[in-house]
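Visitor: Provided herewith: work_13.csv, CSV, C-alpha atoms.
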chain,number,residue,atom,x,y,z
A,1,MET,CA,1.9,12.8,19.0
A,2,HIS,CA,-0.2,10.3,20.8
A,3,LEU,CA,-2.8,8.6,18.6
A,4,PRO,CA,-5.5,6.2,19.7
A,5,ARG,CA,-4.0,2.8,20.3
A,6,SER,CA,-5.8,0.8,17.6
A,7,LEU,CA,-5.2,3.5,15.0
A,8,GLN,CA,-1.5,3.6,15.8
A,9,GLU,CA,-1.4,-0.2,15.8
A,10,LEU,CA,-3.1,-0.2,12.3
A,11,ILE,CA,-0.6,2.3,11.1
A,12,ASP,CA,2.2,0.1,12.4
A,13,GLN,CA,0.8,-2.9,10.7
A,14,PHE,CA,0.5,-1.2,7.4
A,15,GLU,CA,4.0,0.2,7.8
A,16,ALA,CA,5.4,-3.3,8.3
A,17,LEU,CA,4.2,-4.3,4.9
A,18,PRO,CA,6.8,-4.3,2.1
A,19,GLY,CA,6.8,-1.1,0.1
A,20,ILE,CA,4.5,0.8,2.4
A,21,GLY,CA,6.1,3.8,4.1
A,22,LYS,CA,5.1,5.9,7.1
A,23,LYS,CA,3.1,8.4,5.2
A,24,THR,CA,1.2,5.8,3.1
A,25,ALA,CA,0.5,3.8,6.2
A,26,GLY,CA,-1.0,6.8,7.9
A,27,ARG,CA,-3.1,7.7,4.9
A,28,LEU,CA,-4.5,4.1,4.6
A,29,ALA,CA,-5.4,3.9,8.3
A,30,PHE,CA,-7.1,7.3,8.3
A,31,TYR,CA,-9.0,6.3,5.1
A,32,LEU,CA,-10.2,3.2,6.9
A,33,LEU,CA,-11.5,5.3,9.8
A,34,ASN,CA,-14.2,6.5,7.4
A,35,VAL,CA,-15.4,3.2,5.9
A,36,PRO,CA,-18.3,1.2,7.3
A,37,GLN,CA,-17.6,-1.2,10.1
A,38,GLU,CA,-18.8,-4.1,7.9
A,39,ARG,CA,-16.0,-3.5,5.5
A,40,LEU,CA,-13.4,-3.4,8.4
A,41,SER,CA,-14.9,-6.8,9.5
A,42,ARG,CA,-14.5,-8.3,6.1
A,43,PHE,CA,-10.9,-7.1,5.9
A,44,ALA,CA,-10.2,-8.5,9.4
A,45,ASN,CA,-11.8,-11.8,8.5
A,46,ALA,CA,-9.8,-12.2,5.4
A,47,LEU,CA,-6.7,-11.7,7.4
A,48,LEU,CA,-7.7,-14.1,10.1
A,49,GLU,CA,-8.7,-16.9,7.7
A,50,LEU,CA,-5.9,-16.3,5.2
A,51,LYS,CA,-3.7,-19.1,6.4
A,52,THR,CA,-6.3,-21.4,7.7
A,53,THR,CA,-8.2,-21.7,4.5
A,54,THR,CA,-5.2,-21.7,2.2
A,55,LYS,CA,-3.5,-25.0,1.4
A,56,LYS,CA,-1.0,-26.0,-1.2
A,57,CYS,CA,-1.9,-28.3,-4.1
A,58,PRO,CA,-0.2,-31.7,-3.5
A,59,GLN,CA,0.8,-31.9,-7.2
A,60,CYS,CA,2.0,-28.4,-8.2
A,61,PHE,CA,2.0,-26.6,-4.9
A,62,ASN,CA,-0.2,-23.8,-6.2
A,63,LEU,CA,-2.4,-22.3,-3.5
A,64,THR,CA,-5.9,-23.8,-3.1
A,65,GLU,CA,-8.7,-24.2,-0.6
A,66,ASP,CA,-9.7,-27.6,-2.1
A,67,ASP,CA,-7.8,-30.9,-2.2
A,68,MET,CA,-6.3,-30.0,-5.6
A,69,CYS,CA,-5.7,-26.5,-7.2
A,70,SER,CA,-8.0,-25.3,-9.9
A,71,ILE,CA,-5.3,-25.7,-12.6
A,72,CYS,CA,-4.4,-29.3,-11.7
A,73,ALA,CA,-8.1,-30.1,-11.4
A,74,ASP,CA,-9.0,-28.6,-14.8
A,75,THR,CA,-9.4,-31.6,-17.2
A,76,HIS,CA,-9.0,-29.2,-20.2
A,77,ARG,CA,-5.4,-28.5,-19.4
A,78,ASP,CA,-2.5,-30.2,-21.1
A,79,THR,CA,-1.0,-32.5,-18.4
A,80,GLN,CA,2.1,-33.3,-20.6
A,81,VAL,CA,3.6,-29.8,-20.2
A,82,ILE,CA,4.9,-28.5,-16.9
A,83,CYS,CA,6.1,-24.9,-16.3
A,84,ILE,CA,8.4,-24.4,-13.4
A,85,VAL,CA,8.1,-21.0,-11.6
A,86,GLU,CA,9.7,-19.5,-8.5
A,87,GLU,CA,6.5,-18.2,-6.9
A,88,VAL,CA,2.7,-18.2,-7.1
A,89,LEU,CA,2.7,-14.6,-8.4
A,90,ASP,CA,4.8,-15.8,-11.4
A,91,LEU,CA,2.1,-18.4,-12.1
A,92,ILE,CA,-0.6,-15.8,-11.9
A,93,GLY,CA,1.4,-13.6,-14.3
A,94,ILE,CA,1.7,-16.4,-16.8
A,95,GLU,CA,-2.0,-17.3,-16.5
A,96,GLN,CA,-2.9,-13.8,-17.3
A,97,THR,CA,-1.2,-14.0,-20.7
A,98,ARG,CA,-3.8,-16.7,-21.6
A,99,LYS,CA,-1.1,-18.3,-23.7
A,100,TYR,CA,-0.3,-21.3,-21.6
A,101,ASN,CA,-2.5,-24.3,-21.1
A,102,GLY,CA,-0.2,-26.8,-19.3
A,103,LEU,CA,0.5,-27.4,-15.6
A,104,TYR,CA,2.8,-25.7,-13.2
A,105,HIS,CA,5.4,-26.6,-10.6
A,106,ILE,CA,6.1,-23.9,-8.0
A,107,LEU,CA,9.5,-24.0,-6.4
A,108,TYR,CA,8.8,-21.4,-3.6
A,109,GLY,CA,12.2,-19.9,-3.9
A,110,ARG,CA,15.4,-20.1,-5.9
A,111,VAL,CA,18.8,-21.6,-5.7
A,112,ASP,CA,20.8,-18.8,-3.9
A,113,PRO,CA,24.0,-20.1,-2.4
A,114,LEU,CA,24.9,-16.6,-1.0
A,115,ASN,CA,21.8,-16.7,1.1
A,116,GLY,CA,22.3,-20.4,2.0
A,117,MET,CA,19.4,-21.6,-0.2
A,118,GLY,CA,20.4,-24.9,-1.9
A,119,PRO,CA,18.2,-27.1,-4.3
A,120,GLU,CA,16.9,-29.1,-1.3
A,121,ASP,CA,15.6,-25.9,0.4
A,122,ILE,CA,13.1,-25.3,-2.4
A,123,LEU,CA,10.6,-27.7,-3.9
A,124,ILE,CA,13.0,-29.3,-6.4
A,125,PRO,CA,13.0,-32.8,-4.7
A,126,GLN,CA,9.1,-32.7,-5.1
A,127,LEU,CA,9.6,-31.8,-8.8
A,128,VAL,CA,11.9,-34.8,-9.3
A,129,ALA,CA,9.5,-37.1,-7.5
A,130,ARG,CA,6.6,-35.8,-9.6
A,131,ILE,CA,8.4,-36.4,-12.9
A,132,GLU,CA,9.5,-39.9,-11.8
A,133,LYS,CA,6.0,-41.0,-11.1
A,134,HIS,CA,4.2,-38.9,-13.8
A,135,GLU,CA,1.4,-40.9,-15.5
A,136,LYS,CA,1.4,-39.7,-19.1
A,137,PRO,CA,4.8,-39.1,-20.6
A,138,ILE,CA,5.9,-35.5,-20.3
A,139,ARG,CA,6.3,-33.6,-23.6
A,140,GLU,CA,7.9,-30.4,-22.4
A,141,ILE,CA,9.2,-28.7,-19.3
A,142,ILE,CA,9.4,-24.9,-19.4
A,143,ILE,CA,11.8,-23.3,-17.0
A,144,ALA,CA,10.3,-19.9,-16.1
A,145,THR,CA,12.7,-18.7,-13.4
A,146,ASN,CA,13.5,-15.0,-13.2
A,147,PRO,CA,16.1,-13.5,-15.5
A,148,ASN,CA,18.5,-12.6,-12.7
A,149,MET,CA,21.5,-14.2,-11.0
A,150,GLU,CA,19.6,-16.5,-8.7
A,151,GLY,CA,17.0,-17.4,-11.4
A,152,GLU,CA,19.8,-18.3,-13.8
A,153,THR,CA,21.5,-20.4,-11.3
A,154,THR,CA,18.3,-22.2,-10.6
A,155,ALA,CA,17.6,-22.7,-14.3
A,156,MET,CA,21.1,-24.1,-14.9
A,157,TYR,CA,20.7,-26.5,-12.0
A,158,LEU,CA,17.2,-27.6,-13.2
A,159,LYS,CA,18.5,-28.2,-16.7
A,160,LYS,CA,21.2,-30.5,-15.3
A,161,ILE,CA,18.9,-32.6,-13.1
A,162,LEU,CA,16.1,-32.7,-15.7
A,163,SER,CA,18.6,-34.0,-18.3
A,164,GLU,CA,19.6,-36.7,-15.9
A,165,LEU,CA,16.0,-37.5,-15.2
A,166,GLN,CA,15.3,-38.0,-18.9
A,167,VAL,CA,17.9,-40.7,-19.0
A,168,LYS,CA,16.8,-42.3,-15.7
A,169,THR,CA,13.1,-42.3,-16.5
A,170,LYS,CA,13.5,-43.0,-20.2
A,171,GLN,CA,11.4,-39.9,-21.1
A,172,THR,CA,12.2,-37.6,-24.0
A,173,PHE,CA,10.7,-34.3,-23.1
A,174,THR,CA,11.9,-31.0,-24.4
A,175,ILE,CA,13.5,-28.6,-21.8
A,176,SER,CA,12.7,-25.0,-22.8
A,177,ARG,CA,12.8,-21.6,-21.2
A,178,LEU,CA,11.2,-18.3,-21.6
A,179,ALA,CA,12.7,-16.0,-24.3
A,180,TYR,CA,15.0,-13.2,-23.4
A,181,GLY,CA,14.9,-10.0,-25.4
A,182,LEU,CA,13.6,-6.4,-25.5
A,183,PRO,CA,10.4,-5.9,-23.5
A,184,MET,CA,7.5,-4.6,-25.4
A,185,GLY,CA,7.4,-0.8,-25.5
A,186,ALA,CA,11.1,-0.5,-24.7
A,187,SER,CA,13.4,1.8,-26.6
A,188,ILE,CA,16.7,0.3,-27.8
A,189,GLU,CA,18.5,3.5,-26.7
A,190,TYR,CA,17.7,2.9,-23.1
A,191,ALA,CA,18.0,-0.9,-23.0
A,192,ASP,CA,20.8,-2.3,-20.9
A,193,TYR,CA,23.7,-4.1,-22.6
A,194,GLY,CA,22.6,-7.5,-21.2
A,195,THR,CA,19.1,-7.3,-22.6
A,196,LEU,CA,20.3,-5.9,-25.9
A,197,GLY,CA,22.9,-8.6,-26.2
A,198,LYS,CA,20.3,-11.3,-25.6
A,199,ALA,CA,18.0,-9.6,-28.2
A,200,LEU,CA,20.7,-9.8,-30.8
A,201,ASP,CA,21.7,-13.4,-29.9
A,202,ASN,CA,18.1,-14.5,-30.1
A,203,ARG,CA,17.1,-12.6,-33.2
A,204,GLY,CA,14.8,-14.3,-35.5
A,205,ALA,CA,13.7,-14.3,-39.1
A,206,PHE,CA,11.3,-11.5,-39.9
B,1,MET,CA,-7.4,-17.9,-12.1
B,2,HIS,CA,-9.3,-19.2,-9.1
B,3,LEU,CA,-7.5,-18.3,-5.9
B,4,PRO,CA,-8.5,-19.4,-2.4
B,5,ARG,CA,-11.4,-17.4,-1.2
B,6,SER,CA,-9.8,-15.6,1.8
B,7,LEU,CA,-6.7,-14.8,-0.3
B,8,GLN,CA,-8.8,-13.3,-3.1
B,9,GLU,CA,-10.9,-11.4,-0.5
B,10,LEU,CA,-7.7,-10.0,1.1
B,11,ILE,CA,-6.4,-8.9,-2.4
B,12,ASP,CA,-9.8,-7.3,-3.0
B,13,GLN,CA,-9.7,-5.4,0.3
B,14,PHE,CA,-6.2,-4.2,-0.3
B,15,GLU,CA,-7.1,-3.1,-3.9
B,16,ALA,CA,-10.0,-1.1,-2.5
B,17,LEU,CA,-7.6,1.1,-0.6
B,18,PRO,CA,-6.6,4.4,-2.1
B,19,GLY,CA,-3.4,4.3,-4.1
B,20,ILE,CA,-3.1,0.5,-4.1
B,21,GLY,CA,-3.3,-1.2,-7.4
B,22,LYS,CA,-4.0,-4.8,-8.5
B,23,LYS,CA,-0.3,-5.8,-8.5
B,24,THR,CA,0.5,-4.3,-5.1
B,25,ALA,CA,-2.6,-5.7,-3.6
B,26,GLY,CA,-1.5,-9.2,-4.7
B,27,ARG,CA,2.0,-8.7,-3.5
B,28,LEU,CA,0.8,-7.6,0.0
B,29,ALA,CA,-1.6,-10.5,0.3
B,30,PHE,CA,1.0,-13.0,-0.7
B,31,TYR,CA,3.5,-11.5,1.7
B,32,LEU,CA,1.0,-11.9,4.5
B,33,LEU,CA,0.7,-15.6,3.7
B,34,ASN,CA,4.2,-16.0,5.1
B,35,VAL,CA,3.9,-14.1,8.4
B,36,PRO,CA,3.0,-15.7,11.7
B,37,GLN,CA,-0.7,-16.1,12.5
B,38,GLU,CA,-0.2,-13.9,15.5
B,39,ARG,CA,0.7,-10.9,13.3
B,40,LEU,CA,-2.4,-11.5,11.2
B,41,SER,CA,-4.5,-11.5,14.4
B,42,ARG,CA,-3.0,-8.2,15.6
B,43,PHE,CA,-3.6,-6.7,12.2
B,44,ALA,CA,-7.2,-8.0,12.2
B,45,ASN,CA,-7.8,-6.7,15.7
B,46,ALA,CA,-6.6,-3.3,14.9
B,47,LEU,CA,-9.1,-3.1,12.0
B,48,LEU,CA,-11.9,-4.4,14.2
B,49,GLU,CA,-11.3,-2.0,17.0
B,50,LEU,CA,-10.3,1.0,14.9
B,51,LYS,CA,-13.7,2.7,15.0
B,52,THR,CA,-14.8,1.5,18.4
B,53,THR,CA,-11.8,2.8,20.4
B,54,THR,CA,-11.4,6.0,18.4
B,55,LYS,CA,-13.4,9.0,19.5
B,56,LYS,CA,-13.1,12.7,18.7
B,57,CYS,CA,-11.9,15.3,21.2
B,58,PRO,CA,-14.9,17.5,22.2
B,59,GLN,CA,-12.8,20.6,22.0
B,60,CYS,CA,-10.6,20.4,18.9
B,61,PHE,CA,-12.0,17.2,17.3
B,62,ASN,CA,-8.6,15.5,17.1
B,63,LEU,CA,-8.8,11.7,17.4
B,64,THR,CA,-8.5,10.3,20.9
B,65,GLU,CA,-9.3,7.2,22.9
B,66,ASP,CA,-9.7,9.3,26.1
B,67,ASP,CA,-12.2,12.0,27.0
B,68,MET,CA,-9.9,14.7,25.7
B,69,CYS,CA,-7.1,14.5,23.1
B,70,SER,CA,-3.5,14.5,24.2
B,71,ILE,CA,-2.9,18.0,22.8
B,72,CYS,CA,-5.9,19.7,24.5
B,73,ALA,CA,-5.1,17.7,27.7
B,74,ASP,CA,-1.4,18.9,27.7
B,75,THR,CA,-1.1,21.7,30.2
B,76,HIS,CA,2.1,22.9,28.7
B,77,ARG,CA,0.5,24.0,25.5
B,78,ASP,CA,-0.4,27.6,24.7
B,79,THR,CA,-4.2,27.7,24.9
B,80,GLN,CA,-4.4,31.2,23.4
B,81,VAL,CA,-3.4,30.1,19.9
B,82,ILE,CA,-5.6,27.9,17.7
B,83,CYS,CA,-4.5,26.4,14.4
B,84,ILE,CA,-7.3,25.5,12.0
B,85,VAL,CA,-6.6,22.5,9.8
B,86,GLU,CA,-8.7,20.5,7.3
B,87,GLU,CA,-7.8,17.0,8.5
B,88,VAL,CA,-6.1,15.1,11.3
B,89,LEU,CA,-3.2,14.2,9.0
B,90,ASP,CA,-2.5,18.0,8.6
B,91,LEU,CA,-2.3,18.3,12.4
B,92,ILE,CA,0.1,15.4,12.5
B,93,GLY,CA,2.3,17.0,9.9
B,94,ILE,CA,2.4,20.3,11.8
B,95,GLU,CA,3.1,18.5,15.1
B,96,GLN,CA,6.1,16.8,13.4
B,97,THR,CA,7.7,20.1,12.7
B,98,ARG,CA,7.9,20.7,16.5
B,99,LYS,CA,7.5,24.4,15.8
B,100,TYR,CA,4.0,24.8,17.1
B,101,ASN,CA,2.8,24.7,20.7
B,102,GLY,CA,-0.8,25.9,20.5
B,103,LEU,CA,-4.1,24.1,20.1
B,104,TYR,CA,-5.9,22.9,17.0
B,105,HIS,CA,-9.3,22.9,15.4
B,106,ILE,CA,-10.0,20.2,12.8
B,107,LEU,CA,-12.6,21.0,10.2
B,108,TYR,CA,-12.9,17.5,8.7
B,109,GLY,CA,-13.2,18.9,5.2
B,110,ARG,CA,-13.2,22.1,3.3
B,111,VAL,CA,-15.7,24.5,1.8
B,112,ASP,CA,-16.2,23.1,-1.7
B,113,PRO,CA,-19.4,24.4,-3.3
B,114,LEU,CA,-18.8,22.3,-6.5
B,115,ASN,CA,-19.1,19.2,-4.4
B,116,GLY,CA,-22.0,20.5,-2.3
B,117,MET,CA,-19.9,21.2,0.8
B,118,GLY,CA,-20.8,24.4,2.5
B,119,PRO,CA,-19.4,25.9,5.8
B,120,GLU,CA,-22.2,24.1,7.8
B,121,ASP,CA,-21.1,20.7,6.4
B,122,ILE,CA,-17.7,20.9,8.1
B,123,LEU,CA,-16.9,21.8,11.7
B,124,ILE,CA,-17.0,25.6,11.3
B,125,PRO,CA,-20.1,26.1,13.6
B,126,GLN,CA,-18.2,24.2,16.3
B,127,LEU,CA,-15.2,26.5,15.8
B,128,VAL,CA,-17.5,29.6,16.2
B,129,ALA,CA,-19.1,28.2,19.3
B,130,ARG,CA,-15.6,27.4,20.7
B,131,ILE,CA,-14.3,30.9,20.1
B,132,GLU,CA,-17.4,32.5,21.6
B,133,LYS,CA,-17.1,30.6,24.9
B,134,HIS,CA,-13.3,30.5,25.0
B,135,GLU,CA,-12.0,31.0,28.6
B,136,LYS,CA,-8.8,32.8,28.1
B,137,PRO,CA,-8.7,35.5,25.4
B,138,ILE,CA,-7.4,34.2,22.1
B,139,ARG,CA,-4.2,35.7,20.9
B,140,GLU,CA,-3.9,34.2,17.4
B,141,ILE,CA,-5.7,32.0,15.0
B,142,ILE,CA,-3.6,30.4,12.3
B,143,ILE,CA,-5.5,29.3,9.2
B,144,ALA,CA,-3.7,26.2,7.9
B,145,THR,CA,-6.0,25.0,5.1
B,146,ASN,CA,-4.4,23.6,1.9
B,147,PRO,CA,-3.0,25.9,-0.7
B,148,ASN,CA,-5.5,24.8,-3.4
B,149,MET,CA,-8.8,26.1,-4.7
B,150,GLU,CA,-10.9,24.6,-1.9
B,151,GLY,CA,-8.5,25.4,0.8
B,152,GLU,CA,-8.3,29.0,-0.4
B,153,THR,CA,-12.1,29.3,-0.4
B,154,THR,CA,-12.2,27.9,3.1
B,155,ALA,CA,-9.5,30.3,4.2
B,156,MET,CA,-11.4,33.3,2.8
B,157,TYR,CA,-14.6,32.2,4.4
B,158,LEU,CA,-12.8,31.7,7.8
B,159,LYS,CA,-11.2,35.1,7.6
B,160,LYS,CA,-14.6,36.7,7.1
B,161,ILE,CA,-16.4,35.0,10.0
B,162,LEU,CA,-13.4,35.3,12.3
B,163,SER,CA,-13.3,39.1,11.7
B,164,GLU,CA,-17.0,39.2,12.5
B,165,LEU,CA,-16.4,37.2,15.7
B,166,GLN,CA,-13.7,39.6,16.8
B,167,VAL,CA,-16.2,42.4,16.8
B,168,LYS,CA,-19.0,40.3,18.3
B,169,THR,CA,-16.9,38.8,21.2
B,170,LYS,CA,-14.7,41.9,21.6
B,171,GLN,CA,-11.5,39.9,21.2
B,172,THR,CA,-8.5,41.2,19.4
B,173,PHE,CA,-6.7,38.1,18.1
B,174,THR,CA,-4.4,38.0,15.1
B,175,ILE,CA,-5.7,36.0,12.1
B,176,SER,CA,-2.6,34.6,10.3
B,177,ARG,CA,-2.0,31.9,7.7
B,178,LEU,CA,0.8,29.6,6.6
B,179,ALA,CA,3.4,31.2,4.3
B,180,TYR,CA,3.4,30.5,0.6
B,181,GLY,CA,6.6,30.2,-1.3
B,182,LEU,CA,9.2,27.8,-2.8
B,183,PRO,CA,9.3,24.5,-1.0
B,184,MET,CA,12.7,23.6,0.4
B,185,GLY,CA,14.9,21.7,-2.1
B,186,ALA,CA,12.9,23.0,-5.1
B,187,SER,CA,14.5,24.5,-8.1
B,188,ILE,CA,13.2,27.8,-9.4
B,189,GLU,CA,13.5,26.5,-13.0
B,190,TYR,CA,10.8,23.9,-12.3
B,191,ALA,CA,8.6,25.9,-9.9
B,192,ASP,CA,5.1,26.7,-11.2
B,193,TYR,CA,4.2,30.3,-11.9
B,194,GLY,CA,1.7,30.4,-9.0
B,195,THR,CA,4.3,29.3,-6.4
B,196,LEU,CA,7.0,31.5,-7.9
B,197,GLY,CA,4.7,34.5,-8.0
B,198,LYS,CA,3.8,34.0,-4.3
B,199,ALA,CA,7.6,33.6,-3.5
B,200,LEU,CA,8.2,37.0,-5.1
B,201,ASP,CA,5.2,38.7,-3.5
B,202,ASN,CA,6.2,37.4,0.0
B,203,ARG,CA,9.9,38.0,-0.4
B,204,GLY,CA,11.6,39.2,2.8
B,205,ALA,CA,14.7,41.1,3.9
B,206,PHE,CA,17.8,38.9,3.7
How would this structure read if it were set down as C-alpha cells?
Guide:
Amino acid sequence: MHLPRSLQELIDQFEALPGIGKKTAGRLAFYLLNVPQERLSRFANALLELKTTTKKCPQCFNLTEDDMCSICADTHRDTQVICIVEEVLDLIGIEQTRKYNGLYHILYGRVDPLNGMGPEDILIPQLVARIEKHEKPIREIIIATNPNMEGETTAMYLKKILSELQVKTKQTFTISRLAYGLPMGASIEYADYGTLGKALDNRGAF
Amino acid sequence: MHLPRSLQELIDQFEALPGIGKKTAGRLAFYLLNVPQERLSRFANALLELKTTTKKCPQCFNLTEDDMCSICADTHRDTQVICIVEEVLDLIGIEQTRKYNGLYHILYGRVDPLNGMGPEDILIPQLVARIEKHEKPIREIIIATNPNMEGETTAMYLKKILSELQVKTKQTFTISRLAYGLPMGASIEYADYGTLGKALDNRGAF
C-alpha cells in the first residue's frame, strides 16, 4: 500500500533502529501523527543537534556538552579511583546504583579479535596515558567490562597492562573487578552452570 | 547523571512514545549517536513534514499526500464493496492479506460511551453521507471493527444504522463482518472461552 512519503520515511527510520520491527515502527509513526507539531519539532531538533552538541570528556570520554563531563568536574568525587567500562550506558547503570563515587574511563568497545578489534582500536592507549600522568596517586582501578567472552578478554588484557603500569609508574593501586554470582531475584534451579559455578567459587562468610 | 541536553531530550522524546521504556529510549538515543548526520537529518525531516504532507482522503479518510488516496484512486478496485475499520493500521493489516479488493471507510475511533465517545465523535456521519450519495449501488459493507467491547458496540450500532439506510436509500447491500474463531497457530488448550465458544458457534462443514 502506498503511504504518504514522510509517513513511510518515518516508519522506515523507526524500523532501522535496533530492536524495532515493522509493526512497532508503524505504530510509533501513526502515534506521532496525532501529537502536536511542537512536539514533533522538539523531537526533530533533538535529532539534529544530537551530534553537534555532544562532545566527549577529554579525561574519561564520557559524553558532555561542556569542556569536561559532569562526573570529572564534580569536586566531591574520589579522583583516586577509576572504573573502566565498555560503554556510556554501563557508566549510567553504575551511577544509578549510587554506590560508586570515583571516576570512570570509557573504552568505547571491547577487545574482540574475531571482529578485528584489538586493544589499540578502543580507548586503552588513552587509559594508559591517563594513568601515567595522573596527578594524585591512584588507589584502585575497577574493571567493569561485561561478563561475556569479549569482556573477559578485555579484562584479562587490562589486568596485564595495568600490572605493568604499576611497576613502570611506581604506583601501588588495587586492581579489582565486579563480583560474579547469582543475580538478585534469580532462582538457583534456573541459573546457568557458569553463573552457579562462580557463585560457589566466590561464596562468602554469612 | 547529567547528560548532554540534546541527548537527554532525545531520550525523553523516545520515552514519551507508547511502549518504549527508559532503558530502550536510552539505547536508541545512544545508537543514534553513532549514525551519520545525514541519517539524523532525514529522520528529523520526516518528523517535521509528517503532519504537513499527510492529508486525509475525502472519500474514505485513509491517509494520502494527494487529493485522493491510492486505494480510492485505483480504478481496478471494486467500488461496490466498503470495509469499515477503526484505524488506518487496520486497513494496512487487511491490505497485507491481499484478499480484499474493495474500498474502505476509516472511522478514526470507536463508539465508547465510557470514554465519552459517541457515534458523532467518529466518522460515522461521513459514512452515512457517503452511502446516501454513492454512485454505483453498494453490494456489501464489511464491518471490521475490533473484536473487543468497544468494537462490538460500534459494530452493533453500525448494523442498526446501515439497516435503516438500506430502507431509506432503497439499496440492498449485504452487511457482513469478519469471522470470529481460533487464530491460526493457536492451541485449543490455551484458547479463552470466548474465542473457543465463537469457534464452536461458527463451525463449518469440513
Visitor: Do you know which residues are at most 12 Å from stretch 189-200 of chain B counting only C-alpha atoms, after dropping those on the same chain fewer than 5 positions away, and could you put them as a PyMOL selection string?
Guide: chain B and resi 147-148+179-184+205
Visitor: So which one's closest to B:Val81, B:Phe61, B:Tyr31, B:Phe206, B:Phe173? Using only C-alpha atoms, please.
Guide: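 Checking each candidate against B:Val81, we get B:Phe173 as the closest.
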Visitor: Find the residues of chain B in contact range of chain A, meaning any atom within 9 Å when counting all atoms listed in the file, and list them as a ChimeraX atom specification.
Guide: /B:1-10,12-14,17-19,24,26-34,37,39-51,53-55,63-66,69-71,88-89,92,95-96
Visitor: Figure out the distance between atom CA of B:Asp74 and atom CA of B:Leu107, please, to one decimal in Å.
Guide: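 So the two atoms, atom CA of B:Leu107 and atom CA of B:Asp74, lie 20.9 Å apart.
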